[in-house]
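File shown here: upload35.cif, holding mmCIF, C-alpha atoms.
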data_query
#
loop_
_atom_site.label_atom_id
_atom_site.label_comp_id
_atom_site.auth_asym_id
_atom_site.auth_seq_id
_atom_site.Cartn_x
_atom_site.Cartn_y
_atom_site.Cartn_z
CA MET L 1 13.44 -15.01 173.78
CA THR L 2 13.87 -18.74 173.91
CA ALA L 3 12.08 -20.82 176.51
CA PHE L 4 14.08 -23.50 178.26
CA GLU L 5 12.74 -26.69 179.71
CA ILE L 6 14.10 -27.61 183.12
CA ILE L 7 14.89 -31.32 183.26
CA HIS L 8 15.07 -32.92 186.68
CA ALA L 9 17.17 -36.02 187.19
CA GLY L 10 15.42 -39.35 187.58
CA THR L 11 11.88 -38.11 186.95
CA ALA L 12 10.95 -40.80 184.41
CA PRO L 13 8.05 -43.02 185.53
CA ASN L 14 8.70 -46.42 187.15
CA LEU L 15 12.37 -45.72 187.67
CA PRO L 16 14.09 -47.69 190.44
CA ALA L 17 15.88 -45.68 193.08
CA PRO L 18 19.56 -45.16 192.18
CA VAL L 19 22.00 -47.44 193.98
CA THR L 20 25.77 -47.45 193.88
CA PRO L 21 26.78 -50.85 192.45
CA LYS L 22 29.03 -52.77 194.82
CA LYS L 23 30.90 -54.68 192.18
CA VAL L 24 31.03 -53.96 188.47
CA PRO L 25 32.31 -56.78 186.24
CA HIS L 26 34.64 -56.01 183.36
CA HIS L 27 32.37 -57.58 180.77
CA GLY L 28 28.67 -58.25 180.79
CA GLY L 29 27.32 -56.21 183.63
CA GLU L 30 23.87 -54.75 183.76
CA ALA L 31 23.14 -53.40 180.28
CA ASN L 32 21.52 -50.11 179.47
CA PRO L 33 18.08 -51.04 178.05
CA SER L 34 18.58 -48.49 175.26
CA GLY L 35 21.00 -50.91 173.58
CA GLU L 36 18.37 -53.56 172.99
CA ALA L 37 15.80 -50.88 172.13
CA LEU L 38 18.13 -49.57 169.43
CA LYS L 39 18.54 -53.09 168.02
CA ALA L 40 14.79 -53.51 167.88
CA GLN L 41 14.30 -50.11 166.27
CA PHE L 42 17.11 -49.99 163.74
CA GLY L 43 17.94 -53.67 163.09
CA ALA L 44 20.95 -54.07 160.85
CA ALA L 45 22.26 -50.53 161.52
CA VAL L 46 23.15 -51.63 165.05
CA SER L 47 25.83 -54.29 164.90
CA ARG L 48 26.95 -54.79 168.50
CA VAL L 49 25.97 -53.99 172.06
CA ASP L 50 28.81 -54.35 174.60
CA VAL L 51 28.80 -53.74 178.31
CA VAL L 52 32.26 -52.87 179.63
CA TRP L 53 32.76 -51.81 183.22
CA GLY L 54 29.05 -51.22 183.54
CA GLU L 55 28.89 -48.85 180.56
CA THR L 56 26.99 -49.80 177.45
CA SER L 57 28.60 -49.22 174.06
CA VAL L 58 26.54 -49.62 170.92
CA THR L 59 28.31 -50.02 167.60
CA ILE L 60 26.29 -48.45 164.82
CA ASP L 61 26.49 -47.79 161.11
CA ALA L 62 28.08 -44.35 160.60
CA THR L 63 25.70 -43.39 157.81
CA ARG L 64 22.69 -43.83 160.12
CA ALA L 65 24.19 -41.82 163.00
CA LEU L 66 21.85 -38.85 162.64
CA ASP L 67 18.68 -40.99 162.56
CA ILE L 68 19.79 -43.00 165.57
CA VAL L 69 20.78 -39.97 167.61
CA ARG L 70 17.58 -38.18 166.70
CA TRP L 71 15.52 -41.16 167.82
CA LEU L 72 17.46 -41.41 171.09
CA HIS L 73 16.89 -37.71 171.70
CA ASP L 74 13.22 -37.48 170.70
CA ASP L 75 11.71 -40.80 171.75
CA PRO L 76 10.08 -40.47 175.19
CA SER L 77 11.26 -43.96 176.13
CA GLN L 78 14.91 -42.91 175.60
CA SER L 79 15.06 -39.14 176.16
CA TYR L 80 18.79 -38.56 175.88
CA GLU L 81 18.79 -34.80 176.49
CA TYR L 82 22.47 -34.24 177.02
CA LEU L 83 25.31 -34.74 174.56
CA VAL L 84 28.43 -35.27 176.66
CA ASP L 85 31.10 -35.63 174.01
CA VAL L 86 31.82 -36.16 170.35
CA THR L 87 35.23 -37.54 169.61
CA ALA L 88 37.11 -40.09 167.54
CA VAL L 89 39.78 -42.73 168.05
CA GLU L 90 42.46 -43.92 165.72
CA PHE L 91 44.06 -47.17 166.79
CA ARG L 92 47.73 -47.96 166.51
CA ASP L 93 46.86 -51.03 164.46
CA ARG L 94 46.85 -49.63 160.93
CA GLU L 95 44.30 -52.20 159.74
CA LEU L 96 41.61 -51.07 162.17
CA PRO L 97 39.25 -48.34 161.03
CA LEU L 98 38.91 -45.01 162.79
CA GLN L 99 36.08 -44.87 165.25
CA MET L 100 33.62 -42.05 165.81
CA ILE L 101 32.34 -41.88 169.37
CA TRP L 102 29.35 -40.11 170.83
CA HIS L 103 28.61 -40.01 174.54
CA LEU L 104 24.97 -39.42 175.47
CA ARG L 105 23.32 -39.03 178.81
CA SER L 106 19.68 -39.24 179.73
CA ILE L 107 19.00 -37.10 182.75
CA LYS L 108 15.40 -38.26 183.16
CA TYR L 109 16.35 -41.95 183.12
CA ARG L 110 19.81 -41.56 184.69
CA ARG L 111 21.34 -43.49 181.79
CA PHE L 112 24.62 -43.24 179.96
CA LEU L 113 25.09 -44.53 176.43
CA ARG L 114 28.13 -44.66 174.19
CA LEU L 115 27.71 -44.88 170.44
CA LYS L 116 30.58 -46.06 168.27
CA ALA L 117 30.80 -46.02 164.50
CA PRO L 118 33.74 -47.41 162.54
CA LEU L 119 34.99 -45.27 159.66
CA PRO L 120 36.94 -47.35 157.09
CA LYS L 121 40.27 -45.77 156.15
CA GLY L 122 40.17 -46.26 152.39
CA LYS L 123 37.17 -44.02 151.88
CA PRO L 124 36.85 -40.28 152.69
CA LEU L 125 36.13 -39.90 156.41
CA SER L 126 32.65 -38.57 156.67
CA VAL L 127 29.72 -38.88 159.07
CA PRO L 128 26.44 -37.00 159.33
CA SER L 129 26.56 -34.06 161.71
CA ILE L 130 24.26 -34.30 164.70
CA CYS L 131 24.01 -30.52 165.02
CA PRO L 132 20.33 -30.57 163.95
CA VAL L 133 19.60 -32.57 167.13
CA TYR L 134 22.12 -31.20 169.63
CA LYS L 135 23.31 -27.62 169.18
CA SER L 136 26.19 -28.35 171.54
CA ALA L 137 27.64 -30.68 168.90
CA ASP L 138 28.79 -27.63 166.91
CA TRP L 139 32.11 -26.98 168.63
CA LEU L 140 32.69 -30.64 169.53
CA GLU L 141 32.44 -31.61 165.88
CA ARG L 142 34.66 -28.70 164.86
CA GLU L 143 37.30 -29.93 167.29
CA CYS L 144 36.97 -33.46 165.96
CA TYR L 145 37.35 -32.14 162.41
CA ASP L 146 40.34 -30.05 163.50
CA MET L 147 42.17 -32.98 165.06
CA PHE L 148 41.12 -35.94 162.86
CA GLY L 149 39.93 -34.43 159.59
CA ILE L 150 36.56 -36.13 159.76
CA LYS L 151 33.99 -34.30 157.65
CA PHE L 152 30.65 -33.79 159.34
CA GLU L 153 28.01 -33.61 156.63
CA GLY L 154 25.49 -30.89 157.34
CA HIS L 155 27.55 -29.01 159.94
CA PRO L 156 26.70 -25.28 159.72
CA ASP L 157 30.29 -23.95 160.09
CA LEU L 158 32.89 -26.69 159.78
CA ARG L 159 36.34 -25.13 160.16
CA ARG L 160 39.25 -25.39 162.53
CA ILE L 161 38.63 -24.38 166.12
CA LEU L 162 41.82 -24.95 168.15
CA LEU L 163 44.45 -24.64 165.47
CA TRP L 164 44.67 -21.57 163.31
CA GLU L 165 42.91 -21.24 159.99
CA GLN L 166 46.08 -21.36 157.91
CA PHE L 167 47.42 -24.52 159.57
CA ALA L 168 48.38 -26.61 156.55
CA GLU L 169 50.18 -29.56 158.10
CA GLY L 170 47.21 -31.89 158.38
CA PHE L 171 45.35 -33.34 161.31
CA PRO L 172 47.49 -33.75 164.44
CA LEU L 173 45.72 -36.59 166.25
CA ARG L 174 46.06 -38.94 163.28
CA LYS L 175 48.64 -41.62 163.84
CA ASP L 176 50.59 -40.75 160.69
CA PHE L 177 51.13 -37.18 161.92
CA PRO L 178 54.67 -36.65 163.26
CA LEU L 179 54.67 -35.16 166.73
CA ARG L 180 56.64 -32.10 165.68
CA GLY L 181 54.58 -31.43 162.60
CA ARG L 182 55.42 -31.83 158.95
CA PHE L 183 57.13 -28.50 158.34
CA SER L 184 60.45 -27.38 159.75
CA ARG L 185 60.48 -25.14 162.79
CA ALA L 186 61.56 -22.15 160.70
CA GLU L 187 58.68 -22.63 158.29
CA GLN L 188 56.17 -23.11 161.10
CA LEU L 189 57.35 -19.90 162.74
CA ARG L 190 57.33 -17.99 159.47
CA GLN L 191 53.75 -19.02 158.77
CA ALA L 192 52.66 -18.26 162.32
CA LEU L 193 54.18 -14.78 162.33
CA SER L 194 52.71 -13.90 158.96
CA ALA L 195 49.21 -14.44 160.35
CA ASN L 196 47.17 -11.43 161.30
CA PRO L 197 46.09 -11.96 164.91
CA GLU L 198 43.12 -9.67 164.55
CA ALA L 199 41.59 -11.46 161.57
CA ARG L 200 39.63 -14.15 163.34
CA TYR L 201 37.10 -14.31 160.55
CA SER L 202 37.64 -13.71 156.89
CA MET L 203 35.46 -11.08 155.25
CA GLU L 204 33.57 -13.80 153.40
CA GLU L 205 32.41 -15.18 156.70
CA LEU L 206 31.54 -11.98 158.44
CA THR L 207 30.17 -8.73 157.12
CA VAL L 208 30.61 -5.54 159.10
CA ALA L 209 26.85 -5.38 159.66
CA ASP L 210 26.92 -8.87 161.20
CA ALA L 211 29.75 -7.88 163.48
CA PHE L 212 27.83 -4.83 164.64
CA GLU L 213 24.73 -6.86 165.41
CA GLU L 214 26.79 -9.24 167.55
CA LEU L 215 27.99 -6.48 169.86
CA PRO L 216 26.37 -5.96 173.27
CA LEU L 217 23.52 -3.46 173.41
CA ASP L 218 25.36 -0.77 175.36
CA MET L 219 28.30 -0.89 173.00
CA ARG L 220 26.00 -0.58 169.99
CA ALA L 221 24.38 2.48 171.58
CA ARG L 222 27.75 4.08 172.20
CA ILE L 223 28.94 3.47 168.64
CA ARG L 224 25.68 4.83 167.25
CA GLY L 225 26.34 7.94 169.33
CA GLY L 226 29.59 8.41 167.46
CA GLU L 227 31.99 7.15 170.12
CA SER L 228 35.21 5.62 168.92
CA THR L 229 35.81 1.96 169.74
CA GLY L 230 39.50 2.52 170.39
CA GLU L 231 40.58 0.13 167.62
CA MET G 1 69.39 12.17 197.88
CA GLY G 2 70.66 8.84 199.07
CA LEU G 3 72.47 8.09 195.83
CA THR G 4 74.94 5.29 196.15
CA ALA G 5 77.08 3.66 193.55
CA SER G 6 78.94 0.40 193.31
CA PRO G 7 82.74 0.62 193.12
CA GLN G 8 82.61 -0.02 189.35
CA SER G 9 80.57 3.11 188.67
CA ASN G 10 82.75 5.35 190.72
CA LEU G 11 81.58 8.80 189.74
CA VAL G 12 78.94 9.72 192.28
CA SER G 13 79.83 12.35 194.76
CA LEU G 14 77.72 14.34 197.09
CA ASP G 15 79.19 17.04 199.26
CA PRO G 16 76.31 18.88 200.94
CA ALA G 17 78.51 21.29 202.80
CA ASN G 18 80.11 22.87 199.71
CA SER G 19 77.85 22.11 196.75
CA ASP G 20 74.51 23.77 197.56
CA GLY G 21 72.63 20.61 196.75
CA TRP G 22 74.54 19.92 193.51
CA ILE G 23 75.78 16.50 192.71
CA THR G 24 77.97 15.32 189.92
CA THR G 25 77.58 11.93 188.37
CA ARG G 26 77.57 10.18 185.05
CA LEU G 27 74.32 10.74 183.19
CA ASP G 28 74.40 7.05 182.25
CA PHE G 29 74.44 6.11 185.89
CA LEU G 30 71.61 8.43 186.82
CA VAL G 31 69.36 7.36 183.95
CA ASN G 32 70.07 3.67 184.46
CA TRP G 33 69.51 4.02 188.18
CA GLY G 34 66.12 5.51 187.47
CA ARG G 35 65.21 2.92 184.87
CA ALA G 36 66.38 -0.10 186.82
CA ASN G 37 64.45 0.82 189.90
CA SER G 38 61.14 1.69 188.31
CA LEU G 39 60.56 -1.17 185.92
CA TRP G 40 56.91 -1.61 185.10
CA PRO G 41 56.26 -5.20 184.14
CA MET G 42 53.83 -6.30 181.49
CA PRO G 43 52.79 -9.82 182.48
CA PHE G 44 52.13 -12.11 179.55
CA GLY G 45 50.95 -15.17 181.44
CA THR G 46 49.85 -18.14 179.39
CA ALA G 47 50.28 -21.10 181.70
CA CYS G 48 51.24 -22.29 185.17
CA CYS G 49 54.27 -19.96 185.36
CA ALA G 50 51.77 -17.12 185.56
CA ILE G 51 50.56 -18.52 188.89
CA GLU G 52 54.09 -18.25 190.26
CA PHE G 53 54.31 -14.78 188.78
CA MET G 54 51.15 -13.80 190.65
CA ALA G 55 52.71 -15.16 193.83
CA ALA G 56 55.83 -13.10 193.15
CA ALA G 57 53.71 -9.99 192.72
CA ALA G 58 51.57 -10.63 195.79
CA SER G 59 52.27 -9.62 199.35
CA LYS G 60 54.60 -12.39 200.52
CA PHE G 61 57.26 -11.87 197.84
CA ASP G 62 56.18 -8.35 196.83
CA LEU G 63 57.73 -7.29 193.55
CA ALA G 64 57.04 -3.69 194.58
CA ARG G 65 60.21 -3.84 196.64
CA PHE G 66 62.12 -3.72 193.36
CA GLY G 67 60.22 -0.78 191.92
CA MET G 68 57.63 -2.90 190.14
CA GLU G 69 54.80 -1.18 191.90
CA ARG G 70 52.54 -1.11 188.93
CA MET G 71 51.60 -4.00 186.66
CA GLY G 72 51.21 -2.56 183.19
CA PHE G 73 48.45 -4.60 181.62
CA SER G 74 48.74 -2.34 178.62
CA PRO G 75 51.96 -2.84 176.67
CA ARG G 76 52.08 0.88 175.91
CA GLN G 77 52.76 1.74 179.54
CA ALA G 78 55.22 -1.03 180.34
CA ASP G 79 58.98 -1.46 180.41
CA VAL G 80 59.60 -5.17 180.85
CA LEU G 81 57.64 -7.97 179.24
CA ILE G 82 57.52 -11.05 181.44
CA CYS G 83 56.41 -13.99 179.34
CA ALA G 84 55.29 -16.67 181.78
CA GLY G 85 54.29 -19.90 180.11
CA ARG G 86 54.31 -21.70 176.80
CA VAL G 87 53.47 -19.81 173.65
CA PRO G 88 51.69 -21.72 170.89
CA PHE G 89 52.20 -20.74 167.28
CA LYS G 90 48.69 -19.30 167.27
CA LEU G 91 49.82 -16.80 169.90
CA ALA G 92 53.16 -15.98 168.26
CA PRO G 93 51.91 -13.02 166.18
CA VAL G 94 50.07 -11.68 169.24
CA LEU G 95 53.21 -11.79 171.37
CA ARG G 96 55.24 -10.07 168.68
CA ARG G 97 52.64 -7.36 168.27
CA ILE G 98 52.56 -6.76 172.03
CA TRP G 99 56.33 -6.45 171.99
CA GLN G 100 56.17 -3.99 169.11
CA GLN G 101 53.61 -1.89 170.98
CA MET G 102 55.90 -1.42 173.97
CA PRO G 103 57.83 1.86 173.89
CA GLN G 104 61.61 1.97 174.13
CA PRO G 105 63.48 1.38 176.35
CA LYS G 106 62.08 -2.09 176.89
CA TRP G 107 63.31 -5.43 178.12
CA ALA G 108 61.94 -8.96 178.13
CA ILE G 109 62.16 -11.80 180.60
CA SER G 110 61.40 -15.34 179.53
CA MET G 111 60.02 -17.09 182.59
CA GLY G 112 60.14 -20.86 182.79
CA ALA G 113 61.29 -23.77 180.67
CA CYS G 114 58.46 -23.58 178.13
CA ALA G 115 58.85 -19.92 177.30
CA SER G 116 62.63 -20.28 177.08
CA THR G 117 62.92 -23.46 175.03
CA GLY G 118 59.50 -24.97 174.44
CA GLY G 119 60.18 -27.25 177.39
CA MET G 120 58.40 -30.56 177.33
CA PHE G 121 56.11 -29.35 174.54
CA ASP G 122 58.34 -30.34 171.65
CA THR G 123 55.29 -30.50 169.39
CA TYR G 124 53.72 -29.11 166.26
CA ALA G 125 51.83 -26.38 168.12
CA VAL G 126 54.32 -24.77 170.50
CA VAL G 127 57.00 -22.17 169.77
CA GLN G 128 60.41 -23.61 170.69
CA GLY G 129 61.62 -20.67 172.73
CA ILE G 130 60.13 -17.19 172.47
CA ASP G 131 63.55 -15.80 171.60
CA THR G 132 62.63 -16.85 168.06
CA ILE G 133 59.92 -14.15 168.18
CA ILE G 134 61.21 -11.37 170.43
CA PRO G 135 64.64 -10.54 171.91
CA ILE G 136 65.03 -11.82 175.46
CA ASP G 137 67.27 -10.31 178.14
CA VAL G 138 66.95 -12.80 180.99
CA TYR G 139 65.91 -16.43 180.94
CA VAL G 140 64.54 -17.78 184.22
CA PRO G 141 64.79 -21.57 184.36
CA GLY G 142 62.35 -23.76 186.25
CA CYS G 143 59.13 -25.63 185.71
CA PRO G 144 57.70 -23.38 186.98
CA PRO G 145 60.34 -21.16 188.61
CA ARG G 146 59.67 -20.25 192.21
CA PRO G 147 59.05 -16.56 192.93
CA GLU G 148 62.58 -16.28 194.31
CA ALA G 149 63.93 -17.40 190.94
CA LEU G 150 61.88 -14.78 189.12
CA ILE G 151 63.01 -12.11 191.56
CA TYR G 152 66.60 -13.20 191.03
CA GLY G 153 66.06 -12.90 187.28
CA ILE G 154 64.64 -9.42 187.74
CA MET G 155 67.64 -8.43 189.83
CA MET G 156 69.89 -9.75 187.06
CA LEU G 157 67.97 -7.57 184.62
CA GLN G 158 68.46 -4.59 186.90
CA LYS G 159 72.20 -5.23 186.95
CA LYS G 160 72.14 -5.48 183.18
CA ILE G 161 70.31 -2.18 182.91
CA MET G 162 72.86 -0.52 185.22
CA LYS G 163 75.58 -1.42 182.72
CA GLU G 164 73.84 0.04 179.69
CA ARG G 165 75.30 3.07 177.91
CA MET G 166 73.07 5.76 176.47
CA GLY G 167 75.51 6.26 173.63
CA ASP G 168 75.15 2.63 172.64
CA THR G 169 72.06 2.91 170.47
CA ALA G 170 72.50 -0.48 168.88
CA SER G 171 70.73 -2.25 171.71
CA ARG G 172 67.67 -0.06 171.24
CA ILE G 173 67.26 -0.40 167.48
CA GLU G 174 64.57 -2.79 166.39
CA MET G 175 65.64 -4.61 163.32
CA GLU G 176 63.59 -6.55 160.84
CA PRO G 177 65.90 -8.98 159.04
CA ASP G 178 67.05 -7.36 155.83
CA PRO G 179 67.65 -9.87 153.03
CA LYS G 180 70.55 -7.73 151.73
CA SER G 181 72.48 -7.66 154.99
CA GLN G 182 75.27 -10.04 155.89
CA LEU G 183 73.43 -11.05 159.04
CA TYR G 184 70.50 -12.37 157.08
CA ILE G 185 70.19 -16.14 157.02
CA PRO G 186 67.75 -17.52 154.48
CA PRO G 187 65.07 -19.85 155.88
CA MET G 188 66.50 -22.79 153.93
CA MET G 189 69.83 -22.36 155.71
CA ILE G 190 68.10 -22.06 159.08
CA ASP G 191 66.37 -25.35 158.32
CA LYS G 192 69.71 -26.98 157.62
CA LEU G 193 71.32 -25.52 160.73
CA SER G 194 68.47 -26.58 162.96
CA GLU G 195 68.23 -30.13 161.69
CA PRO G 196 69.95 -32.01 164.53
CA PHE G 197 67.81 -30.24 167.12
CA GLY G 198 64.47 -29.21 165.90
CA ASN G 199 63.67 -30.45 162.46
CA SER G 200 60.55 -32.50 162.62
CA VAL G 201 60.74 -34.06 159.20
CA ASN G 202 63.72 -36.30 159.72
CA GLN G 203 63.28 -37.47 163.25
CA THR G 204 60.73 -38.04 165.92
CA ARG G 205 61.51 -38.64 169.53
CA SER G 206 59.39 -41.74 170.05
CA GLY G 207 60.11 -43.39 166.72
CA LEU G 208 56.42 -43.66 165.95
#
What would the structure in this file look like if it were written as structure tokens?
Amino acid sequence: MTAFEIIHAGTAPNLPAPVTPKKVPHHGGEANPSGEALKAQFGAAVSRVDVVWGETSVTIDATRALDIVRWLHDDPSQSYEYLVDVTAVEFRDRELPLQMIWHLRSIKYRRFLRLKAPLPKGKPLSVPSICPVYKSADWLERECYDMFGIKFEGHPDLRRILLWEQFAEGFPLRKDFPLRGRFSRAEQLRQALSANPEARYSMEELTVADAFEELPLDMRARIRGGESTGE
Amino acid sequence: MGLTASPQSNLVSLDPANSDGWITTRLDFLVNWGRANSLWPMPFGTACCAIEFMAAAASKFDLARFGMERMGFSPRQADVLICAGRVPFKLAPVLRRIWQQMPQPKWAISMGACASTGGMFDTYAVVQGIDTIIPIDVYVPGCPPRPEALIYGIMMLQKKIMKERMGDTASRIEMEPDPKSQLYIPPMMIDKLSEPFGNSVNQTRSGL
């Protein structure tokens, strides 16, 4: 049994009452104080702090992502409890690097923070996984790997999540990926139809004992009693 | 009995005064009449077309008027597969297996633009028409089709069933392509044939 902490919004001490801003400038609005705090804490690993449409974006060094996210999560002055999204952007300009993006929200402080990390194209695309800090990053990072081919170092189970396991055409959200895929329609269909729809996991990933333990209690009791599962 | 026949199938006669409750008719007609008016659909709804299908099955449009009283959510107790919505390649083996699980006689309706042709989803992930996976009897156009369109498609299917012959077994045989047969087209040739329309290697729509 795991205990859960209930986090109430805006319960941090000395927090001003929330107001709806009347006018938000495009650039240089009121910055999230976490941006400057990150600069003070991590120095050279934080290269830029931008405020666009009232949202603060911090550009960080990709190799330090796990440290930075862990500090933002654990430090009581930051307390970012909620990971909103993990995604990536590839720009149409071929010279620009890919960009990893994390969206964090602090419920206690009512703050929103966007972290960006450029990933140069010449090198293998790889960033540290933030799964040790946020468990919800698991599927988000799998989706990001599925679509962009970014390797998340330290992810517990990095494999495709939306596309099928045998998909061999590459990573569809990359700009060099043709919209209709790399294979012909006939080949795509042949590969799709040769897949076994019931084999969601290969036997290396999942033993029968594991599968049994994952079943609900009542189903386990019925199978123990010798009832057929209908498969 | 209330049996009626269209002028084309002219062999139904009922003479209660002289026949002691006997009727004579073509067996084809009788069997087809029974089949056409008690189709059990198997809805395979994957997208927004399924919402229109639900509307067609609900009280206002009421598919039960056409003998579709029971939705067969098991393919083993269904007669007509109604595929409503786009089918991604990940779902292609599932759809084929569902089709193979349905007992003969069986029919399939492809509902909507995506199921029929891939529609606007001319992409790496979506099957370009489910007739590349299973044989389709009626295509219902629309994005999504209104319930009237689906009902019209079902009525077309009923007309088609009324014209079937029991002696014509060819329509009921399920064939896996045999590499030795004359009908077999090797995948390479299919690639060549499909190039102007669907081959992704040589063209993209946006030029990117």
When you draw a straight line from atom CA of Ile161 of chain G to atom CA of Asn32 of chain G, how long is it in Å?
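Here the two named atoms are 6.1 Å from each other.
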Could you jot down the atom CA of Glu30 of chain L to atom CA of Arg111 of chain L separation for me, Å, one decimal place?
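Answer for the atom CA of Glu30 of chain L to atom CA of Arg111 of chain L separation: 11.7 Å.
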Which residue out of L:Pro76, L:Pro33, L:Pro25, L:Gly122 has the minimum interatomic distance to Ala12 of chain L when only C-alpha atoms are used?
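Distance minimum relative to Ala12 of chain L lands on L:Pro76.
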Evaluate the PyMOL selection byres ((chain L and resi 106-109) around 10) against this structure - the residues, as a ChimeraX atom specification, please.
/L:7-16,72-73,76-83,104-105,110-113
Nearby residues (all atoms listed in the file) at most 9 Å from segment 59-66 of chain G, same-chain spacing under 6 positions excluded, as an mmCIF file with C-alpha atoms, in the frame of the given file:
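The file below, around_29.cif, is the result:
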data_model
loop_
_atom_site.group_PDB
_atom_site.id
_atom_site.type_symbol
_atom_site.label_atom_id
_atom_site.label_comp_id
_atom_site.auth_asym_id
_atom_site.auth_seq_id
_atom_site.Cartn_x
_atom_site.Cartn_y
_atom_site.Cartn_z
ATOM 1 C CA ALA G 36 66.380 -0.100 186.820
ATOM 2 C CA ASN G 37 64.450 0.820 189.900
ATOM 3 C CA SER G 38 61.140 1.690 188.310
ATOM 4 C CA LEU G 39 60.560 -1.170 185.920
ATOM 5 C CA PRO G 147 59.050 -16.560 192.930
ATOM 6 C CA GLU G 148 62.580 -16.280 194.310
ATOM 7 C CA ILE G 151 63.010 -12.110 191.560
ATOM 8 C CA ILE G 154 64.640 -9.420 187.740
ATOM 9 C CA MET G 155 67.640 -8.430 189.830
#
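What separates atom CA of Ser110 of chain G from atom CA of Ile82 of chain G is a distance of 6.1 Å.
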Return the padded bounding box of segment 147-164 of chain G as AutoDock Vina command-line options: axis-aligned, built from all atoms listed in the file, 3 Å added on each side, with centre and edge lengths in Å to one decimal.
--center_x 67.3 --center_y -8.7 --center_z 187.0 --size_x 22.5 --size_y 23.4 --size_z 20.6
At a cut-off of 6 Å, using all atoms listed in the file, what residues contact segment 37-46 of chain L? Leave out same-chain residues fewer than 4 positions from it and give the result as a PyMOL selection string.
chain L and resi 59-61
Expansion of the PyMOL selection byres ((chain L) within 8 of (chain G)) into residues, as a list in words
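When the PyMOL selection byres ((chain L) within 8 of (chain G)) is applied, the selected residues are Leu163, Trp164, Pro172, Pro178, Leu179, Arg180, Gly181, Arg182, Phe183, Ser184, Arg185, Ala186, Glu187, Gln188, Leu189, Ala192, Leu193, Ser194, Ala195, Asn196 and Pro197 of chain L.
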Pick out the residues sitting within 12 Å of Cys83 of chain G, and hand them over as a PyMOL selection string; count all atoms listed in the file, and ignore anything fewer than 5 positions along from it in its own chain.
chain G and resi 41-50+52-53+91-92+95-96+98-99+107-116+129-131+133-140+150
Can you pull out every residue within 12 Å of Gln104 of chain G, counting all atoms listed in the file, but drop anything in the same chain fewer than 4 positions away, and send it as a ChimeraX atom specification?
/G:35,75-81,99-100,108,169,171-174
Selection in question (the file shown): the PyMOL selection byres ((chain L and resi 86) around 8). Which residues does it include, as a PyMOL selection string?
chain L and resi 83-85+87-88+100-103+137+140-141+144
Residue nearest Met68 of chain G - candidates G:Trp40, G:Arg26, G:Ala56, G:Gln101, atoms counted: only C-alpha atoms
G:Trp40
Env of Ala65 of chain L: 8 Å cut, atoms = all atoms listed in the file, seq-sep filter 4 positions within chain, self excluded. Answer as a list in words.
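The filter keeps Ile60, Asp61, Val69, Ala117, Val127, Pro128 and Ile130 of chain L.
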